[in-house]
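Pasting input34.cif here (mmCIF, C-alpha atoms):
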data_work
#
loop_
_atom_site.label_atom_id
_atom_site.label_comp_id
_atom_site.auth_asym_id
_atom_site.auth_seq_id
_atom_site.Cartn_x
_atom_site.Cartn_y
_atom_site.Cartn_z
CA MET A 13 96.07 94.49 114.53
CA HIS A 14 93.19 96.33 112.95
CA ARG A 15 93.03 99.58 111.09
CA PRO A 16 90.44 102.11 112.24
CA ILE A 17 87.70 103.40 109.93
CA VAL A 18 88.96 106.69 108.51
CA ARG A 19 86.38 109.36 107.76
CA VAL A 20 86.57 112.72 106.01
CA PHE A 21 83.73 115.22 106.39
CA LEU A 22 84.30 118.57 104.74
CA GLY A 23 82.32 121.56 103.59
CA VAL A 24 83.50 122.96 100.27
CA SER A 25 82.42 125.84 98.09
CA LEU A 26 81.17 124.99 94.60
CA ASP A 27 84.64 125.88 93.37
CA GLY A 28 86.23 123.44 95.80
CA CYS A 29 87.51 125.80 98.49
CA ILE A 30 87.61 124.85 102.16
CA ALA A 31 88.52 128.43 103.09
CA GLY A 32 88.56 131.78 101.39
CA ARG A 33 91.58 134.00 100.95
CA ASP A 34 93.52 134.41 104.21
CA HIS A 35 91.73 131.33 105.57
CA ASP A 36 88.46 133.22 105.84
CA LEU A 37 85.54 131.02 106.93
CA SER A 38 82.83 133.70 107.11
CA TRP A 39 81.23 132.46 103.87
CA LEU A 40 80.15 129.27 105.69
CA GLU A 41 77.58 131.37 107.54
CA CYS A 42 75.23 131.00 104.59
CA VAL A 43 74.67 127.36 105.59
CA SER A 44 74.73 127.85 109.36
CA THR A 45 70.93 127.53 109.41
CA ASP A 46 71.37 123.78 108.92
CA PRO A 47 72.00 122.44 112.45
CA PRO A 48 74.85 119.92 112.96
CA GLU A 49 72.39 117.28 114.17
CA ASP A 50 70.77 117.41 110.73
CA THR A 51 73.81 117.55 108.51
CA GLY A 52 75.46 114.49 110.02
CA TYR A 53 78.25 116.18 111.93
CA ALA A 54 76.81 115.06 115.28
CA ASP A 55 76.59 111.46 113.96
CA LEU A 56 80.14 111.66 112.70
CA MET A 57 81.42 112.83 116.07
CA ALA A 58 79.53 110.02 117.81
CA LYS A 59 81.47 107.53 115.64
CA THR A 60 84.78 109.32 116.15
CA ASP A 61 87.21 108.12 118.81
CA ALA A 62 90.16 110.17 117.60
CA LEU A 63 90.77 113.15 115.40
CA LEU A 64 93.86 113.48 113.31
CA MET A 65 94.81 116.88 111.96
CA GLY A 66 97.78 118.81 110.69
CA ARG A 67 99.53 121.61 112.47
CA ASN A 68 97.88 124.32 110.36
CA THR A 69 94.43 123.06 111.23
CA TYR A 70 95.33 122.92 114.91
CA ASP A 71 96.62 126.50 114.80
CA ALA A 72 93.38 127.62 113.12
CA ILE A 73 91.14 126.09 115.79
CA ALA A 74 93.32 126.28 118.91
CA ASN A 75 91.55 129.37 120.18
CA PHE A 76 88.01 128.22 119.46
CA ASP A 77 85.90 128.60 122.56
CA PRO A 78 84.48 126.16 123.44
CA TRP A 79 87.04 123.64 122.21
CA PRO A 80 85.10 121.71 119.56
CA PHE A 81 86.56 118.28 120.34
CA GLU A 82 86.00 117.99 124.08
CA GLY A 83 86.18 114.36 125.18
CA LYS A 84 87.89 113.11 122.00
CA ARG A 85 91.47 112.12 121.52
CA CYS A 86 92.95 114.74 119.30
CA LEU A 87 96.24 114.09 117.54
CA VAL A 88 98.18 116.77 115.72
CA MET A 89 100.70 115.59 113.15
CA THR A 90 103.72 117.77 113.76
CA HIS A 91 107.44 117.48 114.16
CA GLY A 92 107.28 120.24 116.74
CA GLU A 93 105.81 120.42 120.20
CA ILE A 94 102.52 121.89 121.36
CA ASP A 95 101.91 123.07 124.87
CA ASP A 96 98.24 122.16 125.08
CA ASP A 97 97.01 119.22 127.12
CA ARG A 98 93.91 118.83 124.92
CA VAL A 99 96.03 117.43 122.10
CA GLU A 100 98.79 114.86 121.52
CA CYS A 101 101.63 115.50 119.12
CA ALA A 102 102.19 112.70 116.66
CA ASN A 103 104.82 112.15 114.08
CA GLY A 104 105.47 109.32 111.69
CA THR A 105 103.65 108.48 108.50
CA LEU A 106 99.88 108.49 108.26
CA PRO A 107 99.66 104.69 107.68
CA ASP A 108 101.88 103.99 110.70
CA LEU A 109 99.88 106.35 112.85
CA LEU A 110 96.61 104.71 111.83
CA SER A 111 98.03 101.25 112.60
CA GLN A 112 99.18 102.47 115.97
CA LEU A 113 95.75 103.94 116.75
CA GLY A 114 94.17 100.64 115.71
CA ASP A 115 96.44 98.75 118.09
CA GLU A 116 95.34 101.10 120.83
CA GLY A 117 91.72 100.17 120.22
CA VAL A 118 90.64 103.22 118.22
CA HIS A 119 87.74 102.38 115.90
CA GLY A 120 86.83 105.64 114.22
CA VAL A 121 89.26 108.33 113.04
CA TYR A 122 88.21 111.67 111.64
CA LEU A 123 90.83 113.25 109.36
CA ASP A 124 90.58 117.02 109.42
CA GLY A 125 92.30 119.73 107.41
CA GLY A 126 93.21 120.08 103.75
CA SER A 127 96.75 118.80 103.83
CA ILE A 128 96.08 115.64 105.82
CA VAL A 129 92.93 114.90 103.83
CA ARG A 130 94.85 115.20 100.57
CA GLN A 131 97.47 112.84 101.96
CA GLY A 132 94.83 110.34 103.09
CA LEU A 133 93.12 110.44 99.70
CA ALA A 134 96.34 110.15 97.71
CA GLU A 135 97.42 107.16 99.79
CA GLY A 136 94.04 105.43 99.59
CA LEU A 137 93.47 105.55 103.34
CA VAL A 138 90.02 107.16 103.42
CA ASP A 139 87.12 104.76 104.03
CA GLU A 140 84.31 107.27 104.00
CA LEU A 141 84.26 110.64 102.26
CA THR A 142 81.48 113.14 102.88
CA LEU A 143 81.50 116.34 100.87
CA SER A 144 79.00 119.09 101.60
CA TRP A 145 78.84 121.61 98.80
CA VAL A 146 78.05 125.08 100.05
CA PRO A 147 76.10 127.09 97.44
CA MET A 148 78.82 129.70 97.00
CA ILE A 149 81.62 130.39 94.56
CA LEU A 150 84.59 132.16 96.12
CA GLY A 151 86.77 132.59 93.06
CA GLU A 152 89.91 132.56 95.16
CA GLY A 153 90.67 130.58 98.26
CA VAL A 154 92.23 127.47 99.76
CA ARG A 155 91.31 124.68 97.37
CA LEU A 156 90.90 121.27 98.95
CA PHE A 157 92.23 119.31 96.03
CA ASP A 158 95.09 121.45 94.77
CA GLY A 159 98.43 119.73 94.69
CA LEU A 160 97.29 116.12 94.61
CA PRO A 161 99.51 113.69 92.73
CA GLU A 162 97.92 111.89 89.78
CA PHE A 163 95.87 108.85 90.71
CA ARG A 164 92.36 107.72 89.95
CA GLN A 165 90.05 106.67 92.68
CA ARG A 166 86.50 105.77 91.90
CA TRP A 167 83.91 106.09 94.66
CA THR A 168 80.54 104.53 95.35
CA LEU A 169 77.83 106.96 96.37
CA THR A 170 76.22 105.72 99.57
CA ARG A 171 74.01 108.70 100.34
CA SER A 172 73.11 112.11 98.98
CA ARG A 173 70.76 114.75 100.25
CA SER A 174 70.17 118.47 100.27
CA PHE A 175 69.26 120.94 102.99
CA PRO A 176 67.09 124.07 103.19
CA SER A 177 70.18 126.31 103.01
CA GLY A 178 71.05 124.84 99.61
CA LEU A 179 73.80 122.62 100.97
CA VAL A 180 74.18 119.43 98.91
CA GLN A 181 75.83 116.57 100.75
CA ALA A 182 77.15 113.32 99.33
CA THR A 183 78.83 110.42 101.10
CA TYR A 184 81.05 107.93 99.30
CA ARG A 185 83.10 104.84 99.97
CA PRO A 186 86.06 103.93 97.77
CA VAL A 187 85.81 101.37 95.00
CA SER A 188 88.72 99.02 95.47
CA ASP A 189 90.01 98.87 91.87
CA ARG A 190 92.09 101.99 92.22
CA SER A 191 94.55 102.86 89.47
CA MET B 21 66.85 144.39 73.67
CA HIS B 22 66.79 141.34 75.88
CA ARG B 23 69.53 139.14 77.19
CA PRO B 24 69.22 135.41 76.63
CA ILE B 25 69.12 132.92 79.53
CA VAL B 26 72.67 131.65 79.95
CA ARG B 27 73.11 128.07 81.13
CA VAL B 28 76.13 126.07 82.22
CA PHE B 29 75.92 122.28 82.46
CA LEU B 30 79.13 120.50 83.34
CA GLY B 31 80.29 117.18 84.65
CA VAL B 32 83.13 117.46 87.15
CA SER B 33 85.15 114.98 89.14
CA LEU B 34 84.93 115.22 92.94
CA ASP B 35 88.20 117.13 92.79
CA GLY B 36 86.73 119.63 90.33
CA CYS B 37 88.26 118.45 87.07
CA ILE B 38 86.45 118.67 83.75
CA ALA B 39 89.19 116.63 82.07
CA GLY B 40 92.09 114.51 83.16
CA ARG B 41 95.70 115.07 82.25
CA ASP B 42 96.16 115.65 78.50
CA HIS B 43 92.43 116.42 78.28
CA ASP B 44 91.52 112.78 78.86
CA LEU B 45 87.77 112.18 79.12
CA SER B 46 87.79 108.38 79.49
CA TRP B 47 86.99 108.62 83.22
CA LEU B 48 83.51 109.89 82.32
CA GLU B 49 82.67 106.37 81.18
CA CYS B 50 81.89 105.42 84.76
CA VAL B 51 78.70 107.48 84.53
CA SER B 52 77.81 106.65 80.93
CA THR B 53 75.13 104.28 82.19
CA ASP B 54 72.99 107.32 83.04
CA PRO B 55 71.30 108.21 79.72
CA PRO B 56 71.25 111.90 78.64
CA GLU B 57 67.44 111.91 78.71
CA ASP B 58 67.63 111.17 82.43
CA THR B 59 70.42 113.48 83.47
CA GLY B 60 68.87 116.58 81.95
CA TYR B 61 71.19 117.04 78.99
CA ALA B 62 68.38 116.38 76.52
CA ASP B 63 66.19 118.95 78.34
CA LEU B 64 69.03 121.44 78.29
CA MET B 65 69.53 121.04 74.56
CA ALA B 66 65.80 121.48 73.97
CA LYS B 67 66.05 124.89 75.69
CA THR B 68 69.25 125.84 73.86
CA ASP B 69 69.09 128.00 70.75
CA ALA B 70 72.78 128.75 70.57
CA LEU B 71 75.98 127.35 72.00
CA LEU B 72 78.89 129.54 72.86
CA MET B 73 82.30 127.97 73.32
CA GLY B 74 85.97 128.83 73.23
CA ARG B 75 88.42 127.79 70.58
CA ASN B 76 89.93 125.00 72.71
CA THR B 77 86.54 123.41 73.22
CA TYR B 78 85.81 123.64 69.51
CA ASP B 79 89.12 121.99 68.69
CA ALA B 80 88.38 119.18 71.16
CA ILE B 81 84.99 118.36 69.64
CA ALA B 82 85.47 119.32 65.97
CA ASN B 83 86.04 115.71 64.93
CA PHE B 84 83.20 114.20 66.96
CA ASP B 85 81.07 112.03 64.70
CA PRO B 86 78.18 112.67 64.73
CA TRP B 87 78.51 116.40 65.39
CA PRO B 88 76.82 116.78 68.78
CA PHE B 89 75.14 120.14 68.07
CA GLU B 90 73.32 119.45 64.82
CA GLY B 91 70.58 121.98 64.25
CA LYS B 92 71.87 124.48 66.82
CA ARG B 93 73.67 127.74 66.23
CA CYS B 94 77.16 127.19 67.41
CA LEU B 95 79.43 130.17 68.05
CA VAL B 96 83.12 129.85 68.71
CA MET B 97 84.80 132.78 70.43
CA THR B 98 88.03 133.24 68.55
CA HIS B 99 90.10 135.95 66.98
CA GLY B 100 91.02 133.50 64.23
CA GLU B 101 89.02 131.92 61.47
CA ILE B 102 87.52 128.44 61.28
CA ASP B 103 86.78 126.71 58.01
CA ASP B 104 83.72 124.79 59.20
CA ASP B 105 80.21 125.75 58.12
CA ARG B 106 78.69 124.19 61.26
CA VAL B 107 80.05 127.04 63.38
CA GLU B 108 80.23 130.84 63.38
CA CYS B 109 83.31 132.67 64.57
CA ALA B 110 82.57 135.37 67.09
CA ASN B 111 84.75 137.95 68.68
CA GLY B 112 84.02 140.74 71.09
CA THR B 113 83.34 140.52 74.78
CA LEU B 114 81.02 137.95 76.27
CA PRO B 115 78.45 140.56 77.43
CA ASP B 116 78.38 142.18 73.98
CA LEU B 117 78.00 138.83 72.30
CA LEU B 118 75.11 137.88 74.59
CA SER B 119 73.38 141.21 73.90
CA GLN B 120 73.82 140.67 70.20
CA LEU B 121 72.37 137.17 70.41
CA GLY B 122 69.43 138.53 72.38
CA ASP B 123 68.80 141.13 69.68
CA GLU B 124 68.79 138.33 67.15
CA GLY B 125 66.01 136.56 69.07
CA VAL B 126 68.08 133.94 70.83
CA HIS B 127 66.43 132.85 74.11
CA GLY B 128 68.67 130.12 75.50
CA VAL B 129 72.46 130.06 75.39
CA TYR B 130 74.57 127.16 76.57
CA LEU B 131 78.11 128.16 77.59
CA ASP B 132 80.52 125.29 77.08
CA GLY B 133 84.16 124.83 77.99
CA GLY B 134 86.21 125.70 81.04
CA SER B 135 87.59 129.04 79.97
CA ILE B 136 84.34 130.55 78.80
CA VAL B 137 82.46 129.18 81.80
CA ARG B 138 85.00 130.75 84.16
CA GLN B 139 84.58 134.04 82.32
CA GLY B 140 80.79 133.84 82.50
CA LEU B 141 80.90 133.06 86.23
CA ALA B 142 83.43 135.76 87.03
CA GLU B 143 81.37 138.35 85.16
CA GLY B 144 78.08 137.28 86.73
CA LEU B 145 76.53 136.29 83.41
CA VAL B 146 75.40 132.76 84.26
CA ASP B 147 71.67 132.39 84.98
CA GLU B 148 71.60 128.65 85.61
CA LEU B 149 74.47 126.48 86.78
CA THR B 150 74.19 122.70 86.77
CA LEU B 151 77.10 120.72 88.18
CA SER B 152 77.13 116.93 87.96
CA TRP B 153 79.70 115.42 90.28
CA VAL B 154 81.17 112.24 88.88
CA PRO B 155 82.17 109.81 91.70
CA MET B 156 85.85 109.89 90.83
CA ILE B 157 88.94 111.69 92.06
CA LEU B 158 91.56 112.24 89.37
CA GLY B 159 94.28 113.87 91.43
CA GLU B 160 95.58 115.76 88.42
CA GLY B 161 93.66 117.26 85.56
CA VAL B 162 92.04 120.33 84.07
CA ARG B 163 90.30 122.01 87.00
CA LEU B 164 87.17 123.93 86.13
CA PHE B 165 87.65 126.67 88.69
CA ASP B 166 91.39 127.28 88.61
CA GLY B 167 92.37 130.81 87.77
CA LEU B 168 89.19 132.60 88.76
CA PRO B 169 89.57 136.11 90.13
CA GLU B 170 88.30 136.72 93.65
CA PHE B 171 84.59 137.35 93.90
CA ARG B 172 81.79 135.86 95.94
CA GLN B 173 78.67 134.62 94.33
CA ARG B 174 76.04 132.93 96.37
CA TRP B 175 73.66 130.54 94.62
CA THR B 176 70.19 129.22 95.33
CA LEU B 177 69.78 125.48 94.93
CA THR B 178 66.82 124.81 92.67
CA ARG B 179 67.18 121.05 92.28
CA SER B 180 69.41 118.20 93.37
CA ARG B 181 69.30 114.52 92.59
CA SER B 182 71.47 111.47 92.25
CA PHE B 183 71.66 108.70 89.68
CA PRO B 184 72.37 104.95 89.78
CA SER B 185 75.95 105.51 88.59
CA GLY B 186 76.63 107.63 91.67
CA LEU B 187 76.43 110.94 89.80
CA VAL B 188 75.16 113.75 92.03
CA GLN B 189 73.65 116.67 90.17
CA ALA B 190 72.72 120.08 91.50
CA THR B 191 71.21 123.06 89.71
CA TYR B 192 71.53 126.61 90.99
CA ARG B 193 70.50 130.13 90.12
CA PRO B 194 72.52 133.12 91.30
CA VAL B 195 71.51 135.15 94.32
CA SER B 196 71.61 138.75 93.26
CA ASP B 197 73.54 140.26 96.21
CA ARG B 198 76.88 139.43 94.71
CA SER B 199 80.00 140.85 96.33
#

As a first step, turn the structure in this file into structure tokens.
Amino acid sequence: MHRPIVRVFLGVSLDGCIAGRDHDLSWLECVSTDPPEDTGYADLMAKTDALLMGRNTYDAIANFDPWPFEGKRCLVMTHGEIDDDRVECANGTLPDLLSQLGDEGVHGVYLDGGSIVRQGLAEGLVDELTLSWVPMILGEGVRLFDGLPEFRQRWTLTRSRSFPSGLVQATYRPVSDRS
Amino acid sequence: MHRPIVRVFLGVSLDGCIAGRDHDLSWLECVSTDPPEDTGYADLMAKTDALLMGRNTYDAIANFDPWPFEGKRCLVMTHGEIDDDRVECANGTLPDLLSQLGDEGVHGVYLDGGSIVRQGLAEGLVDELTLSWVPMILGEGVRLFDGLPEFRQRWTLTRSRSFPSGLVQATYRPVSDRS
């Protein structure tokens, strides 16, 4: 049994939002001049066998055309059902689900969406964390890190870089002496 | 009448905290190997004629030995009084206070403390914003950006760099087309 490598790759405003009020994403346009081949998203997808997201994230992207995850296994953690043959419904805990994916030969998992990312971080399940700070303050919005329980996780910086748009991107792996 | 240059220079955890629970700052030790001459704090202080902070920040640092702001004007925004000849009590609005300091020949102001920084950002009074992301997630703590009103401020990245400790630092100036 092996556990897959779990990656998080998120764009956040300087005030830590992954979306504005009412889940608005229009503010991300200010960094859309940085192509995904440059910012590492294309590399991430190449290393991703399966995506794991929450129901809210699925609902937010279900109507995207084209479907952004063509050719990838895409699991939605939900107790309900989804009538969409592009995705699989999964329930059970995040650790169990990751073990199960490992048993099925999945090497790289991409966790997507605030709630599931918070859960992965709080439970120490994230192996690689990439944050891309968008040069914008929203004031109000959906904050990535709101509602975490108390824990302390130190990270090792493995890479940092900036882009012409002003995006600053840093990639970390966890230090094991978590408290 | 001129307005001084207003600078913010803060260390934040990856989850946006400037302090842990109960205002704990011990987690900052993980980046203490980066000396202040390297991380720009010494440069900032050289450009600072006056510090402006809230009462909570003053209370948190009042017993620091040595006093970190020796030789600088240090204004504490409070409606109360403080029996400490190292500081001046100031009341009035932040814009009025900045105008007044400008009239008195102050060129560089350093805003310190979460509450006053939030106020400066919300009112569009910050000319230079430096955020230093400490490679740590605290889960719970004092979040710099909690409680901002809704506004959108785009920033231009003027510098970014990383340090051996894993600190990632970015400096921004505001784009003027604020909404």

| task | Would you kindly translate the PyMOL selection byres ((chain A) within 9 of (chain B)) into the concrete residues it picks from this file, as a VMD selection string? | result | chain A and resid 26 to 28 33 39 42 133 to 134 143 146 to 153 156 to 174 176 to 180 182 184

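Interatomic distance, CA of Leu64 (chain A) against CA of Gly125 (chain A): 8.7 Å.
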
| field | Residues within 9 Å of (91.7, 97.1, 118.2), file coords, all atoms listed in the file, listed as a PyMOL selection string | value | chain A and resi 13-16+113-119

| request: Extract, using all atoms listed in the file, all DNA, RNA and protein residues at most 9 Å from Arg85 (chain A), discarding same-chain residues fewer than 5 positions from it, and format them as a PyMOL selection string. | output: chain A and resi 61-64+98-100

Atoms to include: C-alpha atoms. Write the selected residues as a PDB file, keeping the file's coordinate frame.
ATOM      1  CA  ASP A  61      87.210 108.120 118.810  1.00  0.00           C
ATOM      2  CA  ALA A  62      90.160 110.170 117.600  1.00  0.00           C
ATOM      3  CA  LEU A  63      90.770 113.150 115.400  1.00  0.00           C
ATOM      4  CA  LEU A  64      93.860 113.480 113.310  1.00  0.00           C
ATOM      5  CA  ARG A  98      93.910 118.830 124.920  1.00  0.00           C
ATOM      6  CA  VAL A  99      96.030 117.430 122.100  1.00  0.00           C
ATOM      7  CA  GLU A 100      98.790 114.860 121.520  1.00  0.00           C
TER       8      GLU A 100
END

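Within 9 Å of the point (98.6, 112.3, 110.5), and counting only C-alpha atoms, the protein, DNA and RNA residues are Leu64, Met65, Gly66, Leu87, Val88, Met89, Thr90, Ala102, Asn103, Gly104, Thr105, Leu106, Pro107, Asp108, Leu109, Leu110, Leu123, Ile128, Gln131 and Gly132 of chain A.
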
Output file for the residues above (C-alpha atoms, as an mmCIF file, keeping the file's coordinate frame):
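Just written: again.cif:
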data_model
loop_
_atom_site.group_PDB
_atom_site.id
_atom_site.type_symbol
_atom_site.label_atom_id
_atom_site.label_comp_id
_atom_site.auth_asym_id
_atom_site.auth_seq_id
_atom_site.Cartn_x
_atom_site.Cartn_y
_atom_site.Cartn_z
ATOM 1 C CA LEU A 64 93.860 113.480 113.310
ATOM 2 C CA MET A 65 94.810 116.880 111.960
ATOM 3 C CA GLY A 66 97.780 118.810 110.690
ATOM 4 C CA LEU A 87 96.240 114.090 117.540
ATOM 5 C CA VAL A 88 98.180 116.770 115.720
ATOM 6 C CA MET A 89 100.700 115.590 113.150
ATOM 7 C CA THR A 90 103.720 117.770 113.760
ATOM 8 C CA ALA A 102 102.190 112.700 116.660
ATOM 9 C CA ASN A 103 104.820 112.150 114.080
ATOM 10 C CA GLY A 104 105.470 109.320 111.690
ATOM 11 C CA THR A 105 103.650 108.480 108.500
ATOM 12 C CA LEU A 106 99.880 108.490 108.260
ATOM 13 C CA PRO A 107 99.660 104.690 107.680
ATOM 14 C CA ASP A 108 101.880 103.990 110.700
ATOM 15 C CA LEU A 109 99.880 106.350 112.850
ATOM 16 C CA LEU A 110 96.610 104.710 111.830
ATOM 17 C CA LEU A 123 90.830 113.250 109.360
ATOM 18 C CA ILE A 128 96.080 115.640 105.820
ATOM 19 C CA GLN A 131 97.470 112.840 101.960
ATOM 20 C CA GLY A 132 94.830 110.340 103.090
#

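One finds CA of Asp34 (chain A) at 18.4 Å from CA of Asp124 (chain A).
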
| query | Using only C-alpha atoms, which of A:Arg67, A:Val43, A:Leu37, A:Phe21 sits nearest Glu93 (chain A)? | reply | A:Arg67

| CA of Gly120 (chain A) to CA of Arg19 (chain A), straight-line distance in Å | 7.5 Å

Writing N, CA and C atoms and nothing else, produce region 149-172 of chain A as a PDB file, in the first residue's frame.
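Generated file (selection10.pdb):
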ATOM      1  N   ILE A 149      -5.805  43.181  -3.116  1.00  0.00           N
ATOM      2  CA  ILE A 149      -6.488  43.020  -1.829  1.00  0.00           C
ATOM      3  C   ILE A 149      -7.978  43.170  -2.096  1.00  0.00           C
ATOM      4  N   LEU A 150      -8.742  42.210  -1.621  1.00  0.00           N
ATOM      5  CA  LEU A 150     -10.189  42.222  -1.877  1.00  0.00           C
ATOM      6  C   LEU A 150     -10.980  42.805  -0.705  1.00  0.00           C
ATOM      7  N   GLY A 151     -10.382  42.802   0.468  1.00  0.00           N
ATOM      8  CA  GLY A 151     -11.127  43.269   1.634  1.00  0.00           C
ATOM      9  C   GLY A 151     -12.054  42.183   2.155  1.00  0.00           C
ATOM     10  N   GLU A 152     -13.064  41.876   1.356  1.00  0.00           N
ATOM     11  CA  GLU A 152     -13.977  40.791   1.734  1.00  0.00           C
ATOM     12  C   GLU A 152     -13.925  39.669   0.713  1.00  0.00           C
ATOM     13  N   GLY A 153     -14.150  38.473   1.174  1.00  0.00           N
ATOM     14  CA  GLY A 153     -14.180  37.353   0.244  1.00  0.00           C
ATOM     15  C   GLY A 153     -14.119  36.028   0.973  1.00  0.00           C
ATOM     16  N   VAL A 154     -13.859  34.974   0.202  1.00  0.00           N
ATOM     17  CA  VAL A 154     -13.767  33.622   0.751  1.00  0.00           C
ATOM     18  C   VAL A 154     -12.316  33.389   1.125  1.00  0.00           C
ATOM     19  N   ARG A 155     -12.041  33.388   2.415  1.00  0.00           N
ATOM     20  CA  ARG A 155     -10.649  33.267   2.857  1.00  0.00           C
ATOM     21  C   ARG A 155     -10.248  31.798   2.951  1.00  0.00           C
ATOM     22  N   LEU A 156      -9.133  31.487   2.319  1.00  0.00           N
ATOM     23  CA  LEU A 156      -8.662  30.108   2.290  1.00  0.00           C
ATOM     24  C   LEU A 156      -8.502  29.514   3.677  1.00  0.00           C
ATOM     25  N   PHE A 157      -7.958  30.292   4.597  1.00  0.00           N
ATOM     26  CA  PHE A 157      -7.516  29.699   5.851  1.00  0.00           C
ATOM     27  C   PHE A 157      -8.465  29.933   7.021  1.00  0.00           C
ATOM     28  N   ASP A 158      -9.617  30.519   6.762  1.00  0.00           N
ATOM     29  CA  ASP A 158     -10.551  30.738   7.868  1.00  0.00           C
ATOM     30  C   ASP A 158     -11.122  29.419   8.365  1.00  0.00           C
ATOM     31  N   GLY A 159     -11.178  29.285   9.668  1.00  0.00           N
ATOM     32  CA  GLY A 159     -11.839  28.129  10.242  1.00  0.00           C
ATOM     33  C   GLY A 159     -10.938  26.917  10.402  1.00  0.00           C
ATOM     34  N   LEU A 160      -9.633  27.122  10.332  1.00  0.00           N
ATOM     35  CA  LEU A 160      -8.711  26.026  10.629  1.00  0.00           C
ATOM     36  C   LEU A 160      -8.689  25.801  12.136  1.00  0.00           C
ATOM     37  N   PRO A 161      -8.460  24.575  12.573  1.00  0.00           N
ATOM     38  CA  PRO A 161      -8.214  24.346  13.991  1.00  0.00           C
ATOM     39  C   PRO A 161      -6.790  24.809  14.312  1.00  0.00           C
ATOM     40  N   GLU A 162      -6.446  24.910  15.587  1.00  0.00           N
ATOM     41  CA  GLU A 162      -5.072  25.293  15.904  1.00  0.00           C
ATOM     42  C   GLU A 162      -4.114  24.123  15.692  1.00  0.00           C
ATOM     43  N   PHE A 163      -3.068  24.387  14.957  1.00  0.00           N
ATOM     44  CA  PHE A 163      -1.951  23.448  14.838  1.00  0.00           C
ATOM     45  C   PHE A 163      -0.805  24.289  14.317  1.00  0.00           C
ATOM     46  N   ARG A 164       0.397  23.767  14.377  1.00  0.00           N
ATOM     47  CA  ARG A 164       1.503  24.503  13.783  1.00  0.00           C
ATOM     48  C   ARG A 164       2.221  23.587  12.828  1.00  0.00           C
ATOM     49  N   GLN A 165       2.304  24.016  11.619  1.00  0.00           N
ATOM     50  CA  GLN A 165       3.022  23.237  10.623  1.00  0.00           C
ATOM     51  C   GLN A 165       4.059  24.132   9.987  1.00  0.00           C
ATOM     52  N   ARG A 166       5.304  23.763  10.172  1.00  0.00           N
ATOM     53  CA  ARG A 166       6.366  24.497   9.508  1.00  0.00           C
ATOM     54  C   ARG A 166       6.612  23.894   8.125  1.00  0.00           C
ATOM     55  N   TRP A 167       7.006  24.750   7.191  1.00  0.00           N
ATOM     56  CA  TRP A 167       7.210  24.319   5.811  1.00  0.00           C
ATOM     57  C   TRP A 167       8.614  24.705   5.355  1.00  0.00           C
ATOM     58  N   THR A 168       9.135  23.914   4.438  1.00  0.00           N
ATOM     59  CA  THR A 168      10.416  24.229   3.806  1.00  0.00           C
ATOM     60  C   THR A 168      10.126  24.801   2.431  1.00  0.00           C
ATOM     61  N   LEU A 169      10.692  25.967   2.167  1.00  0.00           N
ATOM     62  CA  LEU A 169      10.518  26.576   0.850  1.00  0.00           C
ATOM     63  C   LEU A 169      11.363  25.818  -0.162  1.00  0.00           C
ATOM     64  N   THR A 170      10.741  25.338  -1.222  1.00  0.00           N
ATOM     65  CA  THR A 170      11.522  24.620  -2.234  1.00  0.00           C
ATOM     66  C   THR A 170      11.710  25.468  -3.502  1.00  0.00           C
ATOM     67  N   ARG A 171      10.860  26.462  -3.680  1.00  0.00           N
ATOM     68  CA  ARG A 171      10.989  27.303  -4.866  1.00  0.00           C
ATOM     69  C   ARG A 171      10.190  28.576  -4.666  1.00  0.00           C
ATOM     70  N   SER A 172      10.719  29.694  -5.146  1.00  0.00           N
ATOM     71  CA  SER A 172       9.883  30.900  -5.199  1.00  0.00           C
ATOM     72  C   SER A 172      10.261  31.686  -6.444  1.00  0.00           C
TER      73      SER A 172
END
